[in-house]
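What follows is the content of structure_27.csv, which has CSV, N, CA and C atoms:
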```csv
chain,number,residue,atom,x,y,z
A,268,MET,N,-10.0,14.7,-19.3
A,268,MET,CA,-10.1,13.5,-19.9
A,268,MET,C,-8.8,12.7,-19.9
A,269,ILE,N,-8.8,11.5,-19.4
A,269,ILE,CA,-7.6,10.7,-19.4
A,269,ILE,C,-7.3,10.1,-20.8
A,270,THR,N,-6.1,10.4,-21.2
A,270,THR,CA,-5.7,10.0,-22.6
A,270,THR,C,-4.6,8.8,-22.5
A,271,ILE,N,-4.1,8.6,-21.3
A,271,ILE,CA,-3.0,7.6,-21.2
A,271,ILE,C,-3.4,6.7,-20.0
A,272,SER,N,-3.5,5.4,-20.2
A,272,SER,CA,-3.7,4.5,-19.0
A,272,SER,C,-2.5,3.7,-18.8
A,273,ILE,N,-2.1,3.4,-17.6
A,273,ILE,CA,-0.9,2.7,-17.2
A,273,ILE,C,-1.3,1.7,-16.2
A,274,ILE,N,-0.8,0.5,-16.4
A,274,ILE,CA,-1.0,-0.6,-15.3
A,274,ILE,C,0.4,-1.0,-14.9
A,275,VAL,N,0.7,-0.7,-13.6
A,275,VAL,CA,2.0,-1.1,-13.0
A,275,VAL,C,1.8,-2.3,-12.2
A,276,THR,N,2.4,-3.4,-12.5
A,276,THR,CA,2.2,-4.6,-11.7
A,276,THR,C,3.3,-4.7,-10.6
A,277,THR,N,2.9,-4.3,-9.4
A,277,THR,CA,3.9,-4.4,-8.3
A,277,THR,C,3.8,-5.7,-7.6
A,278,PRO,N,4.7,-6.0,-6.7
A,278,PRO,CA,4.7,-7.3,-5.9
A,278,PRO,C,3.4,-7.4,-5.1
A,279,THR,N,2.8,-6.3,-4.7
A,279,THR,CA,1.5,-6.4,-4.0
A,279,THR,C,0.3,-6.4,-4.8
A,280,GLY,N,0.5,-6.2,-6.1
A,280,GLY,CA,-0.7,-6.2,-7.0
A,280,GLY,C,-0.6,-5.1,-8.0
A,281,PRO,N,-1.5,-5.2,-9.0
A,281,PRO,CA,-1.5,-4.1,-10.1
A,281,PRO,C,-2.1,-2.8,-9.6
A,282,ILE,N,-1.5,-1.7,-10.1
A,282,ILE,CA,-2.0,-0.4,-9.9
A,282,ILE,C,-2.4,0.2,-11.2
A,283,LEU,N,-3.6,0.7,-11.3
A,283,LEU,CA,-4.1,1.4,-12.5
A,283,LEU,C,-3.9,2.9,-12.3
A,284,LEU,N,-3.3,3.5,-13.3
A,284,LEU,CA,-3.0,4.9,-13.3
A,284,LEU,C,-3.6,5.6,-14.5
A,285,GLY,N,-3.9,6.8,-14.4
A,285,GLY,CA,-4.4,7.6,-15.6
A,285,GLY,C,-3.7,8.9,-15.7
A,286,ALA,N,-3.4,9.4,-16.9
A,286,ALA,CA,-2.8,10.6,-17.0
A,286,ALA,C,-3.3,11.3,-18.3
A,287,MET,N,-3.2,12.7,-18.2
A,287,MET,CA,-3.7,13.5,-19.4
A,287,MET,C,-2.6,13.9,-20.3
A,288,SER,N,-1.3,13.8,-19.8
A,288,SER,CA,-0.2,14.2,-20.7
A,288,SER,C,0.9,13.2,-20.5
A,289,GLU,N,1.9,13.2,-21.4
A,289,GLU,CA,3.1,12.4,-21.3
A,289,GLU,C,3.8,12.7,-20.0
A,290,ARG,N,4.0,14.0,-19.7
A,290,ARG,CA,4.7,14.4,-18.5
A,290,ARG,C,4.0,13.9,-17.3
A,291,ASP,N,2.7,14.0,-17.2
A,291,ASP,CA,1.9,13.5,-16.0
A,291,ASP,C,2.1,12.0,-15.9
A,292,ALA,N,2.1,11.3,-17.0
A,292,ALA,CA,2.3,9.8,-17.0
A,292,ALA,C,3.7,9.5,-16.4
A,293,ALA,N,4.7,10.2,-16.8
A,293,ALA,CA,6.1,9.9,-16.4
A,293,ALA,C,6.2,10.2,-14.9
A,294,ILE,N,5.6,11.3,-14.4
A,294,ILE,CA,5.7,11.7,-13.0
A,294,ILE,C,4.9,10.7,-12.1
A,295,THR,N,3.8,10.2,-12.6
A,295,THR,CA,3.0,9.3,-11.9
A,295,THR,C,3.7,7.9,-11.7
A,296,VAL,N,4.3,7.4,-12.8
A,296,VAL,CA,5.0,6.2,-12.8
A,296,VAL,C,6.2,6.3,-11.8
A,297,GLU,N,6.9,7.4,-11.9
A,297,GLU,CA,8.1,7.7,-11.0
A,297,GLU,C,7.7,7.6,-9.6
A,298,ALA,N,6.5,8.2,-9.2
A,298,ALA,CA,6.1,8.2,-7.8
A,298,ALA,C,5.9,6.7,-7.3
A,299,ILE,N,5.3,5.9,-8.2
A,299,ILE,CA,5.1,4.5,-7.8
A,299,ILE,C,6.5,3.8,-7.7
A,300,PHE,N,7.3,4.0,-8.7
A,300,PHE,CA,8.6,3.3,-8.7
A,300,PHE,C,9.5,3.6,-7.5
A,301,TYR,N,9.5,4.9,-7.1
A,301,TYR,CA,10.4,5.3,-6.0
A,301,TYR,C,10.0,4.7,-4.6
A,302,ARG,N,8.8,4.2,-4.6
A,302,ARG,CA,8.3,3.6,-3.3
A,302,ARG,C,8.7,2.1,-3.3
A,303,LEU,N,9.2,1.6,-4.3
A,303,LEU,CA,9.5,0.1,-4.4
A,303,LEU,C,11.0,-0.1,-4.1
A,304,LYS,N,11.3,-1.3,-3.7
A,304,LYS,CA,12.7,-1.7,-3.4
A,304,LYS,C,13.3,-2.0,-4.7
A,305,PRO,N,14.6,-1.7,-4.8
A,305,PRO,CA,15.4,-2.0,-6.1
A,305,PRO,C,15.3,-3.4,-6.5
A,306,SER,N,15.2,-4.3,-5.6
A,306,SER,CA,15.2,-5.8,-5.9
A,306,SER,C,14.0,-6.2,-6.7
A,307,VAL,N,12.9,-5.4,-6.7
A,307,VAL,CA,11.7,-5.9,-7.4
A,307,VAL,C,11.8,-5.6,-8.9
A,308,PHE,N,12.7,-4.8,-9.4
A,308,PHE,CA,12.8,-4.4,-10.8
A,308,PHE,C,13.5,-5.5,-11.6
A,309,PRO,N,13.1,-5.7,-12.8
A,309,PRO,CA,12.1,-5.1,-13.6
A,309,PRO,C,10.7,-5.6,-13.2
A,310,ILE,N,9.7,-4.8,-13.4
A,310,ILE,CA,8.3,-5.2,-13.1
A,310,ILE,C,7.5,-4.9,-14.4
A,311,PRO,N,6.4,-5.6,-14.6
A,311,PRO,CA,5.6,-5.3,-15.8
A,311,PRO,C,4.9,-4.0,-15.7
A,312,VAL,N,4.9,-3.3,-16.8
A,312,VAL,CA,4.2,-2.0,-17.0
A,312,VAL,C,3.5,-2.1,-18.3
A,313,GLU,N,2.2,-1.8,-18.3
A,313,GLU,CA,1.4,-1.7,-19.6
A,313,GLU,C,1.0,-0.3,-19.8
A,314,ILE,N,1.2,0.3,-21.0
A,314,ILE,CA,0.9,1.6,-21.3
A,314,ILE,C,-0.1,1.6,-22.5
A,315,ARG,N,-1.2,2.3,-22.4
A,315,ARG,CA,-2.1,2.4,-23.5
A,315,ARG,C,-2.4,3.9,-23.8
A,316,CYS,N,-2.3,4.2,-25.0
A,316,CYS,CA,-2.7,5.5,-25.5
A,316,CYS,C,-2.8,5.5,-27.0
A,317,ARG,N,-3.5,6.5,-27.6
A,317,ARG,CA,-3.8,6.4,-29.0
A,317,ARG,C,-2.5,6.9,-29.8
A,318,ASP,N,-1.7,7.7,-29.2
A,318,ASP,CA,-0.5,8.2,-29.9
A,318,ASP,C,0.6,7.1,-29.8
A,319,GLU,N,0.9,6.4,-30.8
A,319,GLU,CA,1.9,5.3,-30.8
A,319,GLU,C,3.3,5.9,-30.5
A,320,ARG,N,3.7,7.0,-31.0
A,320,ARG,CA,5.0,7.6,-30.7
A,320,ARG,C,5.1,7.9,-29.2
A,321,MET,N,4.1,8.5,-28.7
A,321,MET,CA,4.1,8.9,-27.2
A,321,MET,C,4.2,7.6,-26.4
A,322,LYS,N,3.4,6.6,-26.8
A,322,LYS,CA,3.5,5.3,-26.1
A,322,LYS,C,4.9,4.7,-26.1
A,323,ASN,N,5.6,4.8,-27.2
A,323,ASN,CA,6.9,4.2,-27.4
A,323,ASN,C,7.9,5.0,-26.5
A,324,ARG,N,7.8,6.4,-26.5
A,324,ARG,CA,8.6,7.2,-25.6
A,324,ARG,C,8.5,6.8,-24.2
A,325,LEU,N,7.2,6.7,-23.8
A,325,LEU,CA,6.9,6.3,-22.4
A,325,LEU,C,7.5,4.9,-22.0
A,326,ILE,N,7.3,4.0,-22.9
A,326,ILE,CA,7.9,2.7,-22.7
A,326,ILE,C,9.4,2.7,-22.5
A,327,ASP,N,10.1,3.5,-23.4
A,327,ASP,CA,11.5,3.6,-23.3
A,327,ASP,C,11.9,4.2,-22.0
A,328,TYR,N,11.2,5.3,-21.6
A,328,TYR,CA,11.5,5.9,-20.3
A,328,TYR,C,11.3,5.0,-19.2
A,329,VAL,N,10.2,4.2,-19.2
A,329,VAL,CA,10.0,3.3,-18.1
A,329,VAL,C,11.0,2.2,-18.0
A,330,ILE,N,11.5,1.7,-19.1
A,330,ILE,CA,12.6,0.7,-19.1
A,330,ILE,C,13.8,1.3,-18.6
A,331,ASP,N,14.2,2.5,-19.0
A,331,ASP,CA,15.4,3.2,-18.5
A,331,ASP,C,15.3,3.5,-17.0
A,332,LEU,N,14.2,4.0,-16.6
A,332,LEU,CA,14.0,4.3,-15.2
A,332,LEU,C,14.1,3.0,-14.3
A,333,GLN,N,13.5,2.0,-14.7
A,333,GLN,CA,13.6,0.7,-14.0
A,333,GLN,C,15.1,0.3,-13.8
A,334,GLY,N,15.8,0.4,-14.9
A,334,GLY,CA,17.2,0.0,-14.9
A,334,GLY,C,18.0,0.9,-14.0
A,335,ASP,N,17.8,2.2,-14.1
A,335,ASP,CA,18.5,3.2,-13.2
A,335,ASP,C,18.2,2.9,-11.7
A,336,LEU,N,16.9,2.7,-11.4
A,336,LEU,CA,16.5,2.5,-10.0
A,336,LEU,C,17.1,1.2,-9.4
A,337,SER,N,17.1,0.2,-10.2
A,337,SER,CA,17.6,-1.1,-9.7
A,337,SER,C,19.1,-1.0,-9.5
A,338,VAL,N,19.8,-0.3,-10.3
A,338,VAL,CA,21.3,-0.2,-10.2
A,338,VAL,C,21.7,0.8,-9.2
A,339,ASP,N,21.2,2.1,-9.4
A,339,ASP,CA,21.6,3.2,-8.5
A,339,ASP,C,21.2,3.0,-7.1
A,340,ARG,N,20.0,2.6,-6.8
A,340,ARG,CA,19.5,2.5,-5.5
A,340,ARG,C,20.1,1.3,-4.8
A,341,SER,N,20.4,0.2,-5.5
A,341,SER,CA,21.0,-0.9,-4.9
A,341,SER,C,22.4,-0.6,-4.5
A,342,ALA,N,23.1,0.2,-5.3
A,342,ALA,CA,24.5,0.6,-4.9
A,342,ALA,C,24.4,1.5,-3.7
A,343,SER,N,23.5,2.4,-3.7
A,343,SER,CA,23.3,3.4,-2.6
A,343,SER,C,23.0,2.6,-1.3
A,344,ASP,N,22.1,1.6,-1.4
A,344,ASP,CA,21.8,0.8,-0.2
A,344,ASP,C,23.0,0.1,0.3
A,345,ARG,N,23.8,-0.4,-0.6
A,345,ARG,CA,25.0,-1.2,-0.1
A,345,ARG,C,26.0,-0.2,0.6
A,346,GLN,N,26.1,1.0,0.0
A,346,GLN,CA,27.0,2.0,0.6
A,346,GLN,C,26.6,2.3,2.1
A,347,GLN,N,25.3,2.6,2.2
A,347,GLN,CA,24.8,2.9,3.5
A,347,GLN,C,24.9,1.8,4.5
A,348,THR,N,24.8,0.6,4.1
A,348,THR,CA,24.9,-0.6,4.9
A,348,THR,C,26.4,-0.7,5.4
A,349,SER,N,27.3,-0.5,4.5
A,349,SER,CA,28.7,-0.7,4.8
A,349,SER,C,29.2,0.4,5.7
A,350,GLN,N,28.6,1.6,5.6
A,350,GLN,CA,29.0,2.7,6.5
A,350,GLN,C,28.5,2.6,7.9
A,351,SER,N,27.5,1.8,8.1
A,351,SER,CA,26.8,1.7,9.4
A,351,SER,C,27.7,0.9,10.4
```
Could the structure of this file be written out as structure tokens, please?
Amino acid sequence: MITISIIVTTPTGPILLGAMSERDAAITVEAIFYRLKPSVFPIPVEIRCRDERMKNRLIDYVIDLQGDLSVDRSASDRQQTSQS
């Protein structure tokens, strides 16, 4: 049974995800985020679940992950470009 629903709004459209645990939700969102270019962040993400504390932890994680990916991957891309 899906207990967490997530809508990630990417530049190509929304993606609806479902997860049965907090860990599964985080891994699923990561998989989507790692396929995106750093320049698209931040993007809207909606998380729904009955456990408010779990929801807040996931929201905090998603915010931190977006920040990390936009900064870290942008810097990495610049390094690779300058080394070419």
Neighbouring residues of Leu325 in chain A were defined as those with any atom within 8 Å, considering only C-alpha atoms; residues of the same chain fewer than 5 positions away were excluded. Please report them as a list in words.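 Counting only the stated atoms, we get Glu289, Ala292, Ala293 and Ile314 of chain A.
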Nearest to Ile294 in chain A: which of A:Leu332, A:Met321, A:Val307, A:Cys316 is it, counting only C-alpha atoms?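 Closest residue, counting only C-alpha atoms: A:Leu332.
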Just list the residues in chain A DSSP gives strand (DSSP E or B) on the backbone, as a PyMOL selection string. chain A and resi 271-277+280-286+312-316
A:Leu284, A:Arg290, A:Pro278, A:Ile269: which is nearest Glu313 in chain A, counting only C-alpha atoms?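 For Glu313 in chain A, the nearest of the candidates is A:Leu284.
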In Å, how far is it from CA of Ile271 in chain A to CA of Asp335 in chain A? 23.4 Å
Between atom N of Leu283 in chain A and CA of Asp318 in chain A, measure the distance and give it in Å to one decimal.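 Straight-line distance from atom N of Leu283 in chain A to CA of Asp318 in chain A works out to 20.3 Å.
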One decimal, in Å: what's the spacing between atom N of Val338 in chain A and atom N of Thr276 in chain A? 17.8 Å
Measuring between only N, CA and C atoms, which one of A:Gly334, A:Ser272, A:Val296, A:Asp327 shows the shortest distance to Pro309 in chain A? A:Gly334
DSSP alpha helix (DSSP H) residues within chain A, as JSON, numbers by chain: {"A": [289, 290, 291, 292, 293, 294, 295, 296, 297, 298, 299, 300, 319, 320, 321, 322, 323, 324, 325, 326, 327, 328, 329, 330, 331, 332, 333, 334, 335, 336, 337, 338, 339, 340, 341, 342, 343, 344, 345, 346, 347, 348, 349, 350]}
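You can rank A:Ser306, A:Ser337, A:Ser288, A:Thr295 by their closest distance to Thr270 in chain A using only C-alpha atoms, and at the top of that list sits A:Ser288.
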Counting only C-alpha atoms, the option among A:Phe300, A:Leu336, A:Arg320, A:Met268 closest to Gly285 in chain A: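 Checking each of A:Phe300, A:Leu336, A:Arg320, A:Met268 against Gly285 in chain A, counting only C-alpha atoms, the winner is A:Met268.
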